[in-house]
>>> print(open('protein31.cif').read())   # mmCIF, C-alpha atoms and all ligand atoms
data_data
#
loop_
_atom_site.label_atom_id
_atom_site.label_comp_id
_atom_site.auth_asym_id
_atom_site.auth_seq_id
_atom_site.Cartn_x
_atom_site.Cartn_y
_atom_site.Cartn_z
CA MET K 22 88.89 34.73 145.94
CA GLY K 23 91.33 37.18 144.43
CA ARG K 24 90.64 40.30 142.49
CA VAL K 25 88.18 39.95 139.71
CA THR K 26 88.20 42.16 136.68
CA VAL K 27 84.81 43.64 136.09
CA PRO K 28 83.92 44.60 132.54
CA TYR K 29 83.59 48.35 132.16
CA PRO K 30 80.97 49.83 129.88
CA ASN K 31 83.45 52.08 128.12
CA GLY K 32 85.29 49.01 126.93
CA SER K 33 88.65 50.26 128.07
CA GLY K 34 88.97 47.71 130.85
CA LYS K 35 89.83 50.58 133.13
CA PRO K 36 87.73 51.91 135.94
CA ARG K 37 86.50 55.44 135.48
CA GLY K 38 86.36 55.76 139.22
CA ARG K 39 87.06 53.61 142.23
CA ARG K 40 83.38 53.01 142.80
CA TYR K 41 83.31 50.56 139.92
CA ALA K 42 85.37 48.00 141.74
CA LEU K 43 83.18 45.40 143.35
CA THR K 44 84.30 44.52 146.83
CA GLU K 45 85.03 40.92 147.75
CA GLN K 46 82.19 41.11 150.22
CA LYS K 47 79.80 42.06 147.45
CA MET K 48 81.07 39.22 145.27
CA GLN K 49 80.59 36.82 148.13
CA GLU K 50 77.05 38.09 148.52
CA ILE K 51 76.38 37.52 144.85
CA LYS K 52 77.74 34.01 145.07
CA GLU K 53 75.68 33.13 148.11
CA ASP K 54 72.64 34.57 146.50
CA PHE K 55 73.19 32.49 143.45
CA GLN K 56 73.63 29.35 145.46
CA ARG K 57 70.50 30.09 147.43
CA SER K 58 68.62 30.67 144.21
CA VAL K 59 69.47 27.31 142.76
CA THR K 60 68.97 25.17 145.84
CA ASP K 61 66.38 23.00 144.13
CA GLY K 62 69.33 21.32 142.48
CA SER K 63 68.16 21.86 138.93
CA GLY K 64 70.84 24.45 138.46
CA SER K 65 68.36 26.73 136.83
CA ILE K 66 66.99 30.01 137.98
CA ASP K 67 63.50 31.32 137.36
CA PHE K 68 61.99 34.77 137.30
CA GLN K 69 61.06 34.74 141.00
CA ALA K 70 64.47 33.63 142.14
CA LEU K 71 66.32 36.07 139.94
CA ASN K 72 64.02 38.88 140.97
CA SER K 73 64.60 38.32 144.66
CA ALA K 74 68.31 37.73 144.17
CA THR K 75 68.81 41.05 142.41
CA ARG K 76 66.65 42.85 144.96
CA ASP K 77 68.63 41.39 147.84
CA LEU K 78 71.75 42.72 146.19
CA GLY K 79 70.28 46.18 145.91
CA LEU K 80 70.13 46.12 142.14
CA GLU K 81 67.37 48.21 140.67
CA ILE K 82 66.29 46.46 137.53
CA SER K 83 62.97 46.29 135.80
CA GLU K 84 60.91 43.18 135.07
CA GLU K 85 61.82 43.58 131.45
CA GLU K 86 65.51 43.51 132.30
CA ILE K 87 65.06 40.44 134.45
CA ASN K 88 63.44 38.67 131.52
CA GLN K 89 66.34 39.78 129.35
CA ILE K 90 68.85 38.37 131.82
CA LEU K 91 66.93 35.09 131.96
CA ALA K 92 67.00 34.88 128.19
CA GLU K 93 70.71 35.59 128.18
CA LEU K 94 71.33 32.97 130.83
CA ASN K 95 69.40 30.40 128.87
CA GLN K 96 71.03 31.17 125.57
CA ASP K 97 73.02 27.99 125.35
CA GLY K 98 69.78 26.06 125.64
CA THR K 99 71.08 23.60 128.19
CA GLY K 100 68.84 25.05 130.87
CA GLY K 101 71.74 24.99 133.29
CA ILE K 102 73.33 28.08 134.66
CA GLU K 103 76.95 28.48 135.50
CA PHE K 104 77.93 30.82 138.25
CA ASP K 105 80.48 32.55 136.02
CA LYS K 106 77.81 33.48 133.57
CA PHE K 107 75.44 34.68 136.24
CA PHE K 108 78.22 36.65 137.88
CA ASN K 109 79.22 38.37 134.66
CA ILE K 110 75.70 39.51 133.94
CA ILE K 111 75.06 40.70 137.47
CA THR K 112 78.35 42.61 137.70
CA SER K 113 77.74 44.31 134.39
CA LYS K 114 74.34 45.38 135.73
CA PHE K 115 76.08 46.88 138.74
CA VAL K 116 78.46 48.78 136.51
CA GLU K 117 75.56 50.04 134.43
CA MET K 118 73.67 51.12 137.51
CA GLU K 119 76.63 52.99 138.95
CA ALA K 120 77.37 54.65 135.64
CA ARG K 121 73.74 55.71 135.48
CA GLU K 122 73.91 57.17 138.98
CA GLU K 123 77.06 59.08 138.17
CA LEU K 124 75.50 60.50 135.04
CA LEU K 125 72.44 61.55 137.00
CA MET K 126 74.64 63.27 139.54
CA ALA K 127 76.41 65.16 136.77
CA PHE K 128 73.05 66.06 135.27
CA ARG K 129 71.82 67.53 138.54
CA ILE K 130 74.97 69.61 138.85
CA ILE K 131 74.64 70.98 135.33
CA ASP K 132 70.95 71.73 135.88
CA GLN K 133 71.77 74.95 137.72
CA ASP K 134 68.26 76.32 138.04
CA LYS K 135 67.02 72.91 139.21
CA ASN K 136 64.04 72.67 136.92
CA GLY K 137 64.90 69.08 135.99
CA LYS K 138 66.14 69.96 132.53
CA VAL K 139 69.39 71.26 131.18
CA SER K 140 69.07 74.37 129.07
CA ALA K 141 71.61 76.39 127.12
CA ALA K 142 71.63 78.86 130.02
CA ASP K 143 72.47 76.05 132.48
CA ILE K 144 75.41 74.97 130.37
CA GLN K 145 76.58 78.54 130.02
CA ARG K 146 76.57 79.01 133.76
CA ILE K 147 78.42 75.80 134.58
CA ALA K 148 80.95 76.41 131.81
CA LYS K 149 81.62 79.86 133.19
CA GLU K 150 82.06 78.45 136.66
CA LEU K 151 84.53 75.90 135.36
CA GLY K 152 86.36 78.55 133.36
CA ILE K 153 85.52 76.94 130.03
CA ASN K 154 84.77 79.21 127.10
CA PHE K 155 82.03 77.92 124.84
CA THR K 156 80.48 80.13 122.24
CA GLU K 157 76.71 80.44 122.25
CA ILE K 158 76.62 78.44 119.04
CA GLU K 159 78.65 75.62 120.55
CA ILE K 160 76.35 75.44 123.55
CA GLN K 161 73.25 75.52 121.35
CA ASP K 162 74.74 72.67 119.28
CA MET K 163 75.19 70.59 122.42
CA VAL K 164 71.59 71.14 123.45
CA ASP K 165 70.27 70.50 119.93
CA GLU K 166 72.24 67.29 119.64
CA ALA K 167 70.77 65.85 122.81
CA ASP K 168 67.30 67.35 122.56
CA ARG K 169 65.30 64.55 120.98
CA ASP K 170 61.78 65.78 121.72
CA ARG K 171 62.67 69.30 120.55
CA ASP K 172 61.40 71.15 123.59
CA GLY K 173 64.59 73.21 123.64
CA GLU K 174 66.02 71.62 126.78
CA VAL K 175 67.73 68.38 127.69
CA SER K 176 65.86 66.01 130.00
CA ALA K 177 67.66 63.47 132.18
CA ASP K 178 66.71 60.74 129.69
CA GLU K 179 68.04 62.69 126.76
CA PHE K 180 71.20 63.47 128.68
CA MET K 181 71.85 59.81 129.52
CA ARG K 182 71.22 58.72 125.98
CA MET K 183 73.74 61.23 124.69
CA MET K 184 76.37 60.45 127.32
CA ARG K 185 76.07 56.74 126.69
CA ARG K 186 76.50 57.25 123.02
CA THR K 187 79.48 59.54 123.31
CA SER K 188 81.47 58.15 126.21
CA PHE K 189 80.43 54.52 126.53
CA GLY K 190 79.79 53.61 122.95
CA TYR K 191 76.74 51.47 123.59
CA CA V 201 67.58 73.74 134.12
CA CA V 202 64.20 67.80 125.30
#
>>> encode(input="protein31.cif", output="structure tokens", more="lines below")
Ligand SMILES: [Ca+2]
Ligand SMILES: [Ca+2]
Amino acid sequence: MGRVTVPYPNGSGKPRGRRYALTEQKMQEIKEDFQRSVTDGSGSIDFQALNSATRDLGLEISEEEINQILAELNQDGTGGIEFDKFFNIITSKFVEMEAREELLMAFRIIDQDKNGKVSAADIQRIAKELGINFTEIEIQDMVDEADRDRDGEVSADEFMRMMRRTSFGY
């Protein structure tokens, strides 16, 4: 198998970092998993099989997401599943998961006082460290824009939502 282009969530087709490239070994694992999952010959995959397949691959996805994937896989109504389709969905989940992890890492860095939320003071400190000059108003605007529950700080959830909207466009 040669190199496979993985869809990137920012839609640019370009990796934002090398971590987004799936290794051939990982792709092989996905393929074997798929084949194992459909050994009953029906060519279909059920909740159990998909659940264990994704777990084996180290994907952290919720039951709800698994049901979503199943629905997506069954969209054409034939009941059959092609490996290509399965592969595309699984790889995009990997990309999502890695993007999420990177965002969380960034969040933890910005959260300078480590209280689990990003405040205007946190942003001020990191901006200073990076030599970026934001005015107090600019920083407050950033916080206000992300702060959905209006507690004056940005939680990890709020942060991810904002980053997804601004840099990934989904
Ligand atoms: Ca904080
Ligand atoms: Ca908040």
>>> residues_near_ligand(input="protein31.cif", ligand="ligand CA 202 (chain V)", cutoff="10 Å", atoms="only C-alpha atoms and all ligand atoms", output="list in words")
Lys138, Val139, Ser140, Val164, Asp165, Glu166, Ala167, Asp168, Arg169, Asp170, Arg171, Asp172, Gly173, Glu174, Val175, Ser176, Ala177, Asp178, Glu179 and Phe180 of chain K
>>> closest_atom_pairs(input="protein31.cif", of="chain K", to="ligand CA 201 (chain V)", cutoff="10 Å", atoms="all atoms listed in the file", output="CSV")
residue,atom,partner,partner_atom,distance
K:Phe128,CA,V:CA201,CA,9.5
K:Arg129,CA,V:CA201,CA,8.7
K:Ile130,CA,V:CA201,CA,9.7
K:Ile131,CA,V:CA201,CA,7.7
K:Asp132,CA,V:CA201,CA,4.3
K:Gln133,CA,V:CA201,CA,5.7
K:Asp134,CA,V:CA201,CA,4.7
K:Lys135,CA,V:CA201,CA,5.2
K:Asn136,CA,V:CA201,CA,4.6
K:Gly137,CA,V:CA201,CA,5.7
K:Lys138,CA,V:CA201,CA,4.3
K:Val139,CA,V:CA201,CA,4.3
K:Ser140,CA,V:CA201,CA,5.3
K:Ala141,CA,V:CA201,CA,8.5
K:Ala142,CA,V:CA201,CA,7.7
K:Asp143,CA,V:CA201,CA,5.7
K:Ile144,CA,V:CA201,CA,8.8
K:Glu174,CA,V:CA201,CA,7.8
K:Val175,CA,V:CA201,CA,8.4
K:Ser176,CA,V:CA201,CA,8.9
>>> residues_around(input="protein31.cif", residues="Ile51 (chain K)", least_positions_apart="5", cutoff="10 Å", atoms="only C-alpha atoms", output="list in words")
Glu45, Gln46, Gln56, Arg57, Ala74, Thr75, Asp77, Leu78, Phe104, Phe107, Phe108, Ile111 and Thr112 of chain K
>>> atom_distance(input="protein31.cif", atom1="CA of Asn88 (chain K)", atom2="CA of Met126 (chain K)")
28.2 Å
>>> atom_distance(input="protein31.cif", atom1="CA of Asn72 (chain K)", atom2="CA of Leu94 (chain K)")
13.8 Å
>>> atom_distance(input="protein31.cif", atom1="CA of Leu91 (chain K)", atom2="CA of Met48 (chain K)")
19.9 Å
>>> closest_residue(input="protein31.cif", among="K:Ala127, K:Ile90, K:Glu159, K:Lys52", to="Asp67 (chain K)", atoms="all atoms listed in the file")
K:Ile90
>>> axis_aligned_box(input="protein31.cif", around="region 72-82 of chain K", padding_each_side="6 Å", output="AutoDock Vina command-line options")
--center_x 67.9 --center_y 43.0 --center_z 142.7 --size_x 19.7 --size_y 22.5 --size_z 22.3
>>> closest_residue(input="protein31.cif", among="K:Leu124, K:Glu81, K:Glu53, K:Ile87", to="Phe68 (chain K)", atoms="only C-alpha atoms")
K:Ile87
>>> decode(input="protein31.cif", residues="region 108-150 of chain K", atoms="N, CA and C atoms", output="compact mmCIF listing (two decimals), in the first residue's frame")
# COMPACT_ATOMS: atom_id res chain seq x y z
N PHE K 108 -12.74 2.88 6.09
CA PHE K 108 -11.43 3.48 6.29
C PHE K 108 -11.53 5.01 6.37
N ASN K 109 -12.29 5.59 5.47
CA ASN K 109 -12.44 7.04 5.46
C ASN K 109 -13.02 7.56 6.76
N ILE K 110 -14.03 6.87 7.25
CA ILE K 110 -14.66 7.33 8.48
C ILE K 110 -13.71 7.18 9.66
N ILE K 111 -13.06 6.03 9.73
CA ILE K 111 -12.14 5.80 10.84
C ILE K 111 -10.97 6.79 10.82
N THR K 112 -10.40 7.02 9.64
CA THR K 112 -9.27 7.95 9.59
C THR K 112 -9.70 9.37 9.96
N SER K 113 -10.90 9.75 9.54
CA SER K 113 -11.32 11.10 9.91
C SER K 113 -11.54 11.21 11.42
N LYS K 114 -11.93 10.09 12.04
CA LYS K 114 -12.06 10.08 13.51
C LYS K 114 -10.69 10.25 14.16
N PHE K 115 -9.69 9.61 13.58
CA PHE K 115 -8.33 9.76 14.10
C PHE K 115 -7.88 11.21 14.03
N VAL K 116 -8.14 11.81 12.88
CA VAL K 116 -7.73 13.20 12.69
C VAL K 116 -8.44 14.09 13.70
N GLU K 117 -9.73 13.84 13.90
CA GLU K 117 -10.49 14.61 14.87
C GLU K 117 -9.91 14.46 16.27
N MET K 118 -9.59 13.20 16.60
CA MET K 118 -9.09 12.93 17.93
C MET K 118 -7.75 13.63 18.16
N GLU K 119 -6.89 13.58 17.16
CA GLU K 119 -5.58 14.21 17.31
C GLU K 119 -5.71 15.72 17.37
N ALA K 120 -6.62 16.25 16.58
CA ALA K 120 -6.83 17.70 16.60
C ALA K 120 -7.32 18.11 17.99
N ARG K 121 -8.21 17.28 18.54
CA ARG K 121 -8.76 17.56 19.86
C ARG K 121 -7.65 17.54 20.91
N GLU K 122 -6.77 16.55 20.81
CA GLU K 122 -5.67 16.46 21.76
C GLU K 122 -4.73 17.65 21.66
N GLU K 123 -4.48 18.09 20.44
CA GLU K 123 -3.59 19.23 20.26
C GLU K 123 -4.21 20.49 20.83
N LEU K 124 -5.51 20.63 20.63
CA LEU K 124 -6.21 21.79 21.18
C LEU K 124 -6.16 21.78 22.70
N LEU K 125 -6.35 20.59 23.26
CA LEU K 125 -6.31 20.47 24.72
C LEU K 125 -4.94 20.81 25.27
N MET K 126 -3.91 20.41 24.54
CA MET K 126 -2.56 20.73 24.95
C MET K 126 -2.35 22.24 24.94
N ALA K 127 -2.82 22.88 23.89
CA ALA K 127 -2.71 24.34 23.79
C ALA K 127 -3.47 25.00 24.94
N PHE K 128 -4.64 24.45 25.22
CA PHE K 128 -5.47 24.99 26.30
C PHE K 128 -4.72 24.95 27.63
N ARG K 129 -4.10 23.81 27.90
CA ARG K 129 -3.39 23.66 29.17
C ARG K 129 -2.22 24.62 29.28
N ILE K 130 -1.60 24.90 28.13
CA ILE K 130 -0.48 25.85 28.15
C ILE K 130 -1.00 27.26 28.43
N ILE K 131 -2.10 27.61 27.80
CA ILE K 131 -2.63 28.96 27.99
C ILE K 131 -3.15 29.15 29.42
N ASP K 132 -3.70 28.07 29.98
CA ASP K 132 -4.22 28.13 31.35
C ASP K 132 -3.06 28.20 32.34
N GLN K 133 -2.48 29.38 32.47
CA GLN K 133 -1.24 29.54 33.23
C GLN K 133 -1.38 29.26 34.72
N ASP K 134 -2.52 29.60 35.30
CA ASP K 134 -2.65 29.35 36.74
C ASP K 134 -3.26 27.97 37.02
N LYS K 135 -3.43 27.19 35.96
CA LYS K 135 -3.85 25.79 36.07
C LYS K 135 -5.14 25.57 36.87
N ASN K 136 -6.09 26.44 36.68
CA ASN K 136 -7.36 26.22 37.37
C ASN K 136 -8.39 25.56 36.45
N GLY K 137 -7.94 25.14 35.27
CA GLY K 137 -8.82 24.45 34.34
C GLY K 137 -9.65 25.36 33.46
N LYS K 138 -9.44 26.66 33.61
CA LYS K 138 -10.16 27.61 32.76
C LYS K 138 -9.21 28.72 32.33
N VAL K 139 -9.46 29.23 31.15
CA VAL K 139 -8.63 30.32 30.64
C VAL K 139 -9.32 31.65 30.93
N SER K 140 -8.62 32.49 31.65
CA SER K 140 -9.15 33.81 31.97
C SER K 140 -8.40 34.87 31.18
N ALA K 141 -8.90 36.10 31.27
CA ALA K 141 -8.21 37.21 30.60
C ALA K 141 -6.78 37.33 31.11
N ALA K 142 -6.59 37.10 32.42
CA ALA K 142 -5.25 37.18 33.00
C ALA K 142 -4.32 36.12 32.42
N ASP K 143 -4.86 34.90 32.20
CA ASP K 143 -4.06 33.83 31.58
C ASP K 143 -3.58 34.25 30.20
N ILE K 144 -4.50 34.81 29.43
CA ILE K 144 -4.15 35.20 28.06
C ILE K 144 -3.11 36.32 28.08
N GLN K 145 -3.29 37.23 29.02
CA GLN K 145 -2.35 38.33 29.14
C GLN K 145 -0.94 37.81 29.41
N ARG K 146 -0.88 36.86 30.32
CA ARG K 146 0.44 36.32 30.69
C ARG K 146 1.10 35.60 29.53
N ILE K 147 0.33 34.75 28.83
CA ILE K 147 0.94 33.99 27.73
C ILE K 147 1.31 34.93 26.58
N ALA K 148 0.48 35.94 26.35
CA ALA K 148 0.77 36.89 25.28
C ALA K 148 2.07 37.64 25.58
N LYS K 149 2.23 38.01 26.83
CA LYS K 149 3.43 38.71 27.25
C LYS K 149 4.66 37.82 27.02
N GLU K 150 4.51 36.56 27.43
CA GLU K 150 5.60 35.61 27.28
C GLU K 150 6.00 35.45 25.82
